[in-house]
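S.K.: I am sharing data-v9.txt, which consists of compact mmCIF, C-alpha atoms:
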# COMPACT_ATOMS: atom_id res chain seq x y z
CA MET A 923 69.61 -41.52 38.92
CA GLN A 924 72.57 -43.06 40.70
CA ILE A 925 76.14 -42.67 39.42
CA ILE A 926 78.85 -45.31 39.71
CA ILE A 927 81.90 -43.54 41.16
CA ASP A 928 84.83 -45.62 39.94
CA PRO A 929 87.88 -43.45 39.14
CA TYR A 930 89.91 -46.47 38.00
CA SER A 931 87.33 -47.26 35.33
CA TRP A 932 87.31 -43.57 34.30
CA LEU A 933 91.10 -43.65 33.99
CA LEU A 934 90.90 -46.77 31.81
CA GLY A 935 88.25 -45.02 29.73
CA LEU A 936 90.46 -41.96 29.30
CA ALA A 937 93.48 -44.12 28.37
CA GLY A 938 91.39 -46.09 25.87
CA GLY A 939 90.02 -42.88 24.41
CA LEU A 940 93.52 -41.41 24.00
CA LEU A 941 94.56 -44.54 22.04
CA ILE A 942 91.47 -44.24 19.82
CA GLY A 943 92.30 -40.57 19.23
CA LEU A 944 95.89 -41.53 18.39
CA SER A 945 94.61 -44.06 15.87
CA ALA A 946 92.41 -41.41 14.22
CA ALA A 947 95.34 -38.93 14.21
CA LEU A 948 97.71 -41.48 12.65
CA LEU A 949 95.27 -42.40 9.88
CA LEU A 950 94.51 -38.74 9.19
CA ILE A 951 98.01 -37.26 9.19
CA GLY A 952 99.63 -40.36 7.64
CA SER A 953 97.11 -41.40 5.00
CA GLY A 954 94.56 -38.58 4.93
CA ARG A 955 91.69 -40.90 5.83
CA ILE A 956 88.91 -40.75 8.43
CA ALA A 957 88.90 -43.46 11.12
CA GLY A 958 85.23 -44.32 10.77
CA ILE A 959 84.68 -48.00 11.42
CA SER A 960 81.31 -48.42 9.68
CA GLY A 961 82.76 -46.78 6.57
CA ILE A 962 85.99 -48.78 6.65
CA ALA A 963 84.13 -52.08 7.14
CA GLY A 964 81.35 -51.31 4.65
CA ASN A 965 83.74 -50.15 1.94
CA LEU A 966 86.08 -53.08 2.55
CA LEU A 967 83.21 -55.49 1.93
CA PHE A 968 81.40 -53.77 -0.91
CA GLU A 969 83.86 -51.51 -2.78
CA ARG A 970 86.76 -52.39 -5.05
CA GLY A 971 89.78 -50.16 -5.47
CA PRO A 972 93.19 -49.25 -4.06
CA ASP A 973 91.92 -48.65 -0.51
CA ARG A 974 91.10 -52.31 0.11
CA GLY A 975 94.59 -53.17 1.39
CA TRP A 976 94.83 -50.72 4.26
CA ARG A 977 91.18 -51.25 5.18
CA ALA A 978 91.69 -55.02 5.47
CA LEU A 979 94.81 -54.49 7.60
CA PHE A 980 92.98 -51.96 9.79
CA VAL A 981 90.22 -54.52 10.46
CA LEU A 982 92.86 -57.19 11.13
CA GLY A 983 94.51 -54.91 13.72
CA LEU A 984 91.12 -54.07 15.20
CA ILE A 985 90.44 -57.78 15.76
CA LEU A 986 93.95 -58.72 16.95
CA ALA A 987 94.50 -55.92 19.50
CA PRO A 988 91.77 -57.06 21.94
CA LEU A 989 93.41 -60.50 22.04
CA ILE A 990 96.70 -58.97 23.15
CA VAL A 991 95.08 -56.66 25.72
CA GLY A 992 92.83 -59.49 26.98
CA TRP A 993 95.82 -61.79 27.34
CA LEU A 994 97.61 -59.22 29.52
CA ARG A 995 94.46 -58.17 31.40
CA PRO A 996 91.80 -60.92 31.40
CA GLU A 997 89.22 -58.64 33.08
CA LEU A 998 89.21 -56.45 29.94
CA ARG A 999 88.39 -59.28 27.52
CA ALA A 1000 85.62 -58.71 24.99
CA ALA A 1001 82.17 -59.93 26.00
CA ALA A 1002 79.05 -60.88 24.04
CA PRO A 1003 75.65 -59.19 24.20
CA THR A 1004 73.31 -60.80 26.72
CA VAL A 1005 70.02 -60.31 24.85
CA ASN A 1006 68.48 -63.25 23.00
CA ALA A 1007 69.41 -64.25 19.44
CA GLY A 1008 66.37 -62.59 17.86
CA MET A 1009 67.18 -59.26 19.50
CA ILE A 1010 70.83 -59.59 18.46
CA VAL A 1011 69.81 -60.01 14.82
CA VAL A 1012 67.45 -57.00 15.00
CA ALA A 1013 70.15 -54.89 16.69
CA GLY A 1014 72.82 -55.92 14.18
CA LEU A 1015 70.57 -55.14 11.21
CA LEU A 1016 69.70 -51.72 12.67
CA VAL A 1017 73.34 -50.87 13.42
CA GLY A 1018 74.52 -51.95 9.95
CA PHE A 1019 71.68 -50.29 8.04
CA GLY A 1020 71.59 -47.17 10.20
CA THR A 1021 75.33 -46.42 10.19
CA ARG A 1022 75.52 -46.70 6.40
CA LEU A 1023 72.35 -44.67 5.85
CA GLY A 1024 73.57 -42.01 8.29
CA SER A 1025 77.13 -42.05 6.88
CA GLY A 1026 78.85 -42.94 10.13
CA CYS A 1027 78.91 -44.28 13.65
CA THR A 1028 80.48 -43.54 17.03
CA SER A 1029 83.95 -43.21 15.50
CA GLY A 1030 83.38 -41.41 12.20
CA HIS A 1031 80.74 -38.98 13.50
CA GLY A 1032 81.43 -39.16 17.25
CA ILE A 1033 85.21 -38.75 17.29
CA CYS A 1034 86.36 -37.58 13.85
CA GLY A 1035 83.29 -35.55 12.88
CA ILE A 1036 83.07 -33.68 16.18
CA SER A 1037 86.81 -33.03 16.01
CA ARG A 1038 86.33 -31.15 12.76
CA LEU A 1039 83.17 -29.47 14.12
CA SER A 1040 81.04 -30.87 11.30
CA PRO A 1041 77.39 -29.85 11.83
CA ARG A 1042 76.24 -33.14 10.29
CA SER A 1043 78.36 -35.16 12.72
CA LEU A 1044 77.36 -33.08 15.76
CA LEU A 1045 73.70 -33.64 14.92
CA ALA A 1046 74.17 -37.34 14.09
CA THR A 1047 76.04 -37.95 17.36
CA ALA A 1048 73.39 -36.15 19.43
CA THR A 1049 70.73 -38.17 17.61
CA PHE A 1050 72.19 -41.66 18.02
CA MET A 1051 73.10 -40.97 21.64
CA ALA A 1052 69.54 -39.83 22.34
CA ALA A 1053 68.11 -42.86 20.51
CA GLY A 1054 70.40 -45.12 22.58
CA PHE A 1055 69.33 -43.47 25.86
CA VAL A 1056 65.64 -43.77 24.97
CA THR A 1057 65.98 -47.40 23.83
CA VAL A 1058 67.71 -48.49 27.03
CA TYR A 1059 65.13 -46.58 29.07
CA LEU A 1060 62.26 -48.33 27.29
CA ILE A 1061 63.83 -51.79 27.62
CA ARG A 1062 64.95 -51.47 31.23
CA HIS A 1063 62.49 -49.14 32.89
CA LEU A 1064 59.17 -49.18 31.10
CA PRO A 1065 56.83 -51.38 33.11
CA GLY A 1066 55.76 -54.43 31.14
CA LEU A 1067 58.72 -54.37 28.77
CA ALA A 1068 61.49 -55.18 31.24
CA MET B 101 103.25 -47.26 3.95
CA LYS B 102 99.47 -46.77 3.87
CA ASN B 103 99.07 -50.47 4.63
CA LEU B 104 101.39 -50.25 7.64
CA ILE B 105 99.52 -47.17 8.89
CA GLY B 106 96.24 -49.05 8.44
CA LEU B 107 97.45 -51.98 10.52
CA LEU B 108 98.92 -49.74 13.24
CA ALA B 109 95.79 -47.59 13.38
CA GLY B 110 93.63 -50.73 13.64
CA LEU B 111 95.75 -52.10 16.48
CA LEU B 112 95.64 -48.77 18.36
CA PHE B 113 91.90 -48.49 17.82
CA GLY B 114 91.23 -52.06 18.97
CA ALA B 115 93.45 -51.63 22.03
CA GLY B 116 91.70 -48.37 22.89
CA LEU B 117 88.24 -49.91 22.61
CA THR B 118 89.30 -52.85 24.79
CA ILE B 119 91.05 -50.79 27.49
CA GLY B 120 88.15 -48.32 27.52
CA GLY B 121 85.61 -51.10 28.12
CA MET B 122 83.69 -50.55 24.86
CA VAL B 123 83.93 -54.27 23.97
CA GLN B 124 81.79 -55.11 27.01
CA PRO B 125 78.16 -54.50 26.00
CA GLN B 126 76.96 -54.49 29.60
CA LYS B 127 79.28 -51.58 30.34
CA VAL B 128 78.05 -49.71 27.25
CA LEU B 129 74.43 -50.27 28.26
CA GLY B 130 75.34 -49.07 31.76
CA PHE B 131 76.44 -45.80 30.14
CA LEU B 132 73.24 -45.53 28.10
CA ASP B 133 71.08 -46.23 31.17
CA LEU B 134 70.62 -42.70 32.49
CA ALA B 135 67.59 -43.63 34.58
CA GLY B 136 69.28 -46.57 36.30
CA VAL B 137 72.70 -46.88 37.88
CA TRP B 138 74.70 -44.74 35.47
CA ASP B 139 78.28 -45.67 34.52
CA PRO B 140 79.92 -42.50 33.11
CA SER B 141 83.15 -44.29 32.03
CA LEU B 142 82.40 -44.16 28.32
CA ALA B 143 82.17 -40.37 28.43
CA PHE B 144 85.87 -40.52 29.35
CA VAL B 145 86.56 -42.68 26.27
CA MET B 146 84.91 -40.09 24.08
CA GLY B 147 86.69 -37.25 25.90
CA GLY B 148 90.07 -38.96 25.54
CA GLY B 149 89.47 -39.57 21.84
CA LEU B 150 88.55 -35.94 21.20
CA LEU B 151 91.54 -34.73 23.22
CA VAL B 152 93.87 -36.24 20.59
CA ALA B 153 91.72 -36.17 17.46
CA PHE B 154 90.75 -32.49 17.77
CA PRO B 155 94.31 -31.12 17.51
CA ALA B 156 95.07 -33.69 14.78
CA PHE B 157 92.27 -32.31 12.59
CA ALA B 158 93.44 -28.77 13.35
CA LEU B 159 96.91 -29.78 12.16
CA ALA B 160 95.47 -31.42 9.04
CA ARG B 161 93.73 -28.16 8.10
CA ARG B 162 97.09 -26.41 8.01
CA ARG B 163 98.68 -29.03 5.76
CA ASP B 164 98.25 -29.38 1.99
CA ARG B 165 98.40 -33.17 2.02
CA PRO B 166 98.93 -36.11 4.37
CA LEU B 167 102.41 -37.57 4.81
CA PHE B 168 101.93 -40.62 2.61
CA ASP B 169 99.18 -39.76 0.14
CA LEU B 170 98.39 -37.00 -2.33
CA ALA B 171 95.31 -35.54 -0.68
CA PHE B 172 93.14 -35.64 2.42
CA GLN B 173 89.85 -37.49 1.93
CA ILE B 174 87.68 -35.65 4.43
CA PRO B 175 83.89 -35.30 4.06
CA THR B 176 82.83 -31.89 2.80
CA ARG B 177 79.04 -32.02 3.10
CA ASN B 178 77.34 -29.61 5.48
CA ASP B 179 73.67 -30.14 4.61
CA ILE B 180 71.36 -31.88 7.04
CA ASP B 181 69.18 -34.44 5.29
CA LYS B 182 66.61 -37.04 6.29
CA ARG B 183 69.00 -39.95 5.72
CA LEU B 184 71.44 -38.61 8.29
CA ILE B 185 68.77 -38.34 10.98
CA VAL B 186 66.90 -41.56 10.20
CA GLY B 187 70.19 -43.45 9.96
CA ALA B 188 71.38 -42.09 13.32
CA VAL B 189 68.06 -43.00 14.98
CA LEU B 190 68.12 -46.59 13.64
CA PHE B 191 71.76 -46.97 14.67
CA GLY B 192 71.07 -45.61 18.16
CA VAL B 193 68.17 -48.02 18.68
CA GLY B 194 70.31 -51.02 17.63
CA TRP B 195 73.16 -49.78 19.85
CA GLY B 196 70.77 -49.51 22.80
CA ILE B 197 69.40 -53.02 22.26
CA ALA B 198 72.68 -54.96 22.09
CA GLY B 199 75.34 -52.56 23.43
CA TYR B 200 77.59 -52.91 20.37
CA CYS B 201 78.44 -50.22 17.86
CA PRO B 202 80.42 -51.28 14.74
CA GLY B 203 83.99 -50.94 16.08
CA PRO B 204 83.51 -52.92 19.30
CA ALA B 205 81.44 -55.58 17.50
CA ILE B 206 84.26 -56.25 15.03
CA ALA B 207 86.95 -55.98 17.72
CA ALA B 208 85.07 -58.48 19.91
CA LEU B 209 85.08 -61.09 17.12
CA SER B 210 88.46 -62.28 18.40
CA ALA B 211 86.83 -63.64 21.55
CA LEU B 212 84.85 -66.08 19.34
CA HIS B 213 81.52 -65.66 21.12
CA PRO B 214 78.69 -67.01 18.89
CA ALA B 215 76.49 -64.01 19.83
CA THR B 216 79.19 -61.59 18.63
CA LEU B 217 79.50 -63.42 15.33
CA LEU B 218 75.71 -63.38 14.92
CA PHE B 219 75.64 -59.62 15.56
CA CYS B 220 78.39 -59.00 12.98
CA VAL B 221 76.66 -61.16 10.35
CA ALA B 222 73.41 -59.23 10.91
CA MET B 223 75.32 -55.91 10.82
CA VAL B 224 76.91 -56.77 7.47
CA ALA B 225 73.49 -57.86 6.19
CA GLY B 226 72.12 -54.46 7.28
CA MET B 227 74.93 -52.66 5.43
CA TRP B 228 74.27 -54.77 2.33
CA LEU B 229 70.54 -54.13 2.53
CA GLN B 230 71.14 -50.37 2.76
CA ARG B 231 73.24 -50.52 -0.42
CA ARG B 232 70.63 -52.57 -2.24
CA LEU B 233 67.68 -50.41 -1.26
CA MET B 234 69.20 -46.94 -1.50
CA ARG B 235 70.98 -47.01 -4.85
Could you write out this file's structure as structure tokens?
M.R.:
Amino acid sequence: MQIIIDPYSWLLGLAGGLLIGLSAALLLIGSGRIAGISGIAGNLLFERGPDRGWRALFVLGLILAPLIVGWLRPELRAAAPTVNAGMIVVAGLLVGFGTRLGSGCTSGHGICGISRLSPRSLLATATFMAAGFVTVYLIRHLPGLA
Amino acid sequence: MKNLIGLLAGLLFGAGLTIGGMVQPQKVLGFLDLAGVWDPSLAFVMGGGLLVAFPAFALARRRDRPLFDLAFQIPTRNDIDKRLIVGAVLFGVGWGIAGYCPGPAIAALSALHPATLLFCVAMVAGMWLQRRLMR
């Protein structure tokens, strides 16, 4: 194992993380809601009710912000996955199905759930991280698959 | 007020994902590639997020209600069930294949890459399928 030593990238990561934490704090203290993206997106699409308004605006902000950041700093612009279309469809289906089945993703379990020391979220986060590590290992390092 | 908070929170979240490099799948896969050349940057994203969110949840526990609503809507379940584990495994595999989790995939839509749109359509189809099969 080699490690990329790039303190500037770590600083950007920390700054980005602080903003994500601030977003979760604002939504929690202001509106009493969890900043879990799979839940916000899934409920926006499939549930009726009074929470549709803020969820739609949250998603709008989520889409608009990268444009502003990317306009100021082109090197930070969003990129597309590089795997082929078939793999993208499989990955998308798994991410959509899995996050709803498991009640959360990197934000709802990973940030908010760990912050409230939820045993379900701690276990879910450990599990999807491990599954991600194993998947990348199999794709990149298993002879014959790469 | 809840709508304004929603918009602001979405903007902050999207800016954080972008600045932290989460909207670049190659960088995410570089973090998940422990056996290769490992890029630890995303651990800093998670650390930064927890640094703010942790005290916020501690504060919420000491309040009766949020500022602009009647009650907190925070999950209360503590049981570990099969759905939680199977769901997390499926999600992790998809994340490891493409390098997108839900937030970055939606945030990256603004760049109008066809592959990003395809991922999001498949992700929504997966969410829909889960609803259809599990209820």
S.K.: Closest to chain B among A:Ala963, A:Ile927, A:Val1056, A:Leu1023, using all atoms listed in the file?
M.R.: A:Leu1023
S.K.: Excluding same-chain residues fewer than 2 positions from Gly148 (chain B), what lies within 6 Å of it counting all atoms listed in the file, as a PyMOL selection string?
M.R.: (chain A and resi 936+939-940) or (chain B and resi 144-146+150-151)
S.K.: Could you tell me how far CA of Ala143 (chain B) lies from CA of Phe1050 (chain A), in Å and to one decimal?
M.R.: 14.5 Å
S.K.: Measuring between all atoms listed in the file, which one of A:Arg1022, A:Arg1038, A:His1063, A:Arg995 shows the shortest distance to Pro202 (chain B)?
M.R.: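 When distances to Pro202 (chain B) are compared using all atoms listed in the file, the smallest one comes from A:Arg1022.
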S.K.: My list of candidates is B:Ala208, B:Lys102, B:Met227, B:Val128. Which is closest to Ala115 (chain B) when distances are computed with only C-alpha atoms?
M.R.: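 Closest to Ala115 (chain B), using only C-alpha atoms: B:Ala208.
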S.K.: So which residues are close to (92.9, -51.5, 2.9), meaning at most 12 Å away in the file's coordinates with only C-alpha atoms counted, and can you show them as a PyMOL selection string?
M.R.: (chain A and resi 949+953+955+961-967+969-983) or (chain B and resi 101-107+109-110)
S.K.: Taking only C-alpha atoms into account, name the residue in A:Gly1035, A:Gly1024, A:Pro996, A:Gly1008 that is nearest to chain B.
M.R.: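 Residue with the minimum atom-to-atom distance to chain B: A:Gly1024.
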S.K.: Can you measure CA of Val123 (chain B) to CA of Leu948 (chain A) for me? One decimal in Å is fine.
M.R.: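 These atoms are spaced 21.9 Å apart.
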S.K.: Go ahead and compute the interatomic distance for CA of Gly1054 (chain A) and CA of Leu132 (chain B), in Å to one decimal.
M.R.: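 So the two atoms, CA of Gly1054 (chain A) and CA of Leu132 (chain B), lie 6.2 Å apart.
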S.K.: Counting all atoms listed in the file, which of B:Cys201, B:Leu117, B:Leu142, B:Met122 gets nearest to Ala188 (chain B)?
M.R.: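 So, comparing all the options, the nearest one is B:Cys201.
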S.K.: Restricting the calculation to all atoms listed in the file, which member of A:Leu1045, A:Leu1060, A:Leu933, A:Ile926 is positioned closest to Val186 (chain B)?
M.R.: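 That would be A:Leu1045, the residue with the smallest distance to Val186 (chain B).
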S.K.: Go through region 928-1037 of chain A and flag each residue having an atom no more than 8 Å from region 166-175 of chain B; for those, report the closest pair of atoms plus their distance in Å to one decimal, using only C-alpha atoms, ordered by chain and rising number, as CSV.
M.R.:
residue,atom,partner,partner_atom,distance
A:Leu950,CA,B:Pro166,CA,7.0
A:Ile951,CA,B:Pro166,CA,5.0
A:Gly952,CA,B:Leu167,CA,4.8
A:Ser953,CA,B:Phe168,CA,5.4
A:Gly954,CA,B:Phe172,CA,4.1
A:Arg955,CA,B:Gln173,CA,5.5
A:Ile956,CA,B:Ile174,CA,6.6
S.K.: Generate the coordinates of N, CA, C and O atoms for region 130-143 of chain B; report them as a compact mmCIF listing (two decimals), in the coordinates of the input.
M.R.:
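As written to disk, part35.txt reads:
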# COMPACT_ATOMS: atom_id res chain seq x y z
N GLY B 130 75.30 -49.78 30.48
CA GLY B 130 75.34 -49.07 31.76
C GLY B 130 75.53 -47.57 31.55
O GLY B 130 75.02 -46.75 32.31
N PHE B 131 76.26 -47.23 30.48
CA PHE B 131 76.44 -45.80 30.14
C PHE B 131 75.16 -45.21 29.55
O PHE B 131 74.81 -44.06 29.79
N LEU B 132 74.45 -46.05 28.75
CA LEU B 132 73.24 -45.53 28.10
C LEU B 132 72.04 -45.51 29.05
O LEU B 132 71.00 -44.95 28.73
N ASP B 133 72.19 -46.12 30.23
CA ASP B 133 71.08 -46.23 31.17
C ASP B 133 71.07 -45.06 32.14
O ASP B 133 71.44 -45.18 33.31
N LEU B 134 70.62 -43.91 31.66
CA LEU B 134 70.62 -42.70 32.49
C LEU B 134 69.69 -42.81 33.68
O LEU B 134 69.95 -42.25 34.75
N ALA B 135 68.60 -43.55 33.52
CA ALA B 135 67.59 -43.63 34.58
C ALA B 135 67.92 -44.70 35.62
O ALA B 135 67.26 -44.80 36.64
N GLY B 136 68.93 -45.51 35.35
CA GLY B 136 69.28 -46.57 36.30
C GLY B 136 70.52 -46.19 37.10
O GLY B 136 70.64 -45.07 37.57
N VAL B 137 71.43 -47.14 37.23
CA VAL B 137 72.70 -46.88 37.88
C VAL B 137 73.69 -46.52 36.78
O VAL B 137 74.16 -47.37 36.05
N TRP B 138 73.98 -45.23 36.65
CA TRP B 138 74.70 -44.74 35.47
C TRP B 138 76.21 -44.91 35.60
O TRP B 138 76.80 -44.52 36.61
N ASP B 139 76.83 -45.50 34.57
CA ASP B 139 78.28 -45.67 34.52
C ASP B 139 78.86 -44.66 33.52
O ASP B 139 78.75 -44.84 32.32
N PRO B 140 79.46 -43.56 34.03
CA PRO B 140 79.92 -42.50 33.11
C PRO B 140 81.22 -42.80 32.38
O PRO B 140 81.69 -41.98 31.60
N SER B 141 81.81 -44.01 32.58
CA SER B 141 83.15 -44.29 32.03
C SER B 141 83.29 -43.98 30.55
O SER B 141 84.32 -43.48 30.10
N LEU B 142 82.25 -44.31 29.77
CA LEU B 142 82.40 -44.16 28.32
C LEU B 142 82.47 -42.70 27.88
O LEU B 142 82.99 -42.40 26.81
N ALA B 143 81.99 -41.79 28.74
CA ALA B 143 82.17 -40.37 28.43
C ALA B 143 83.66 -40.03 28.45
O ALA B 143 84.13 -39.17 27.69
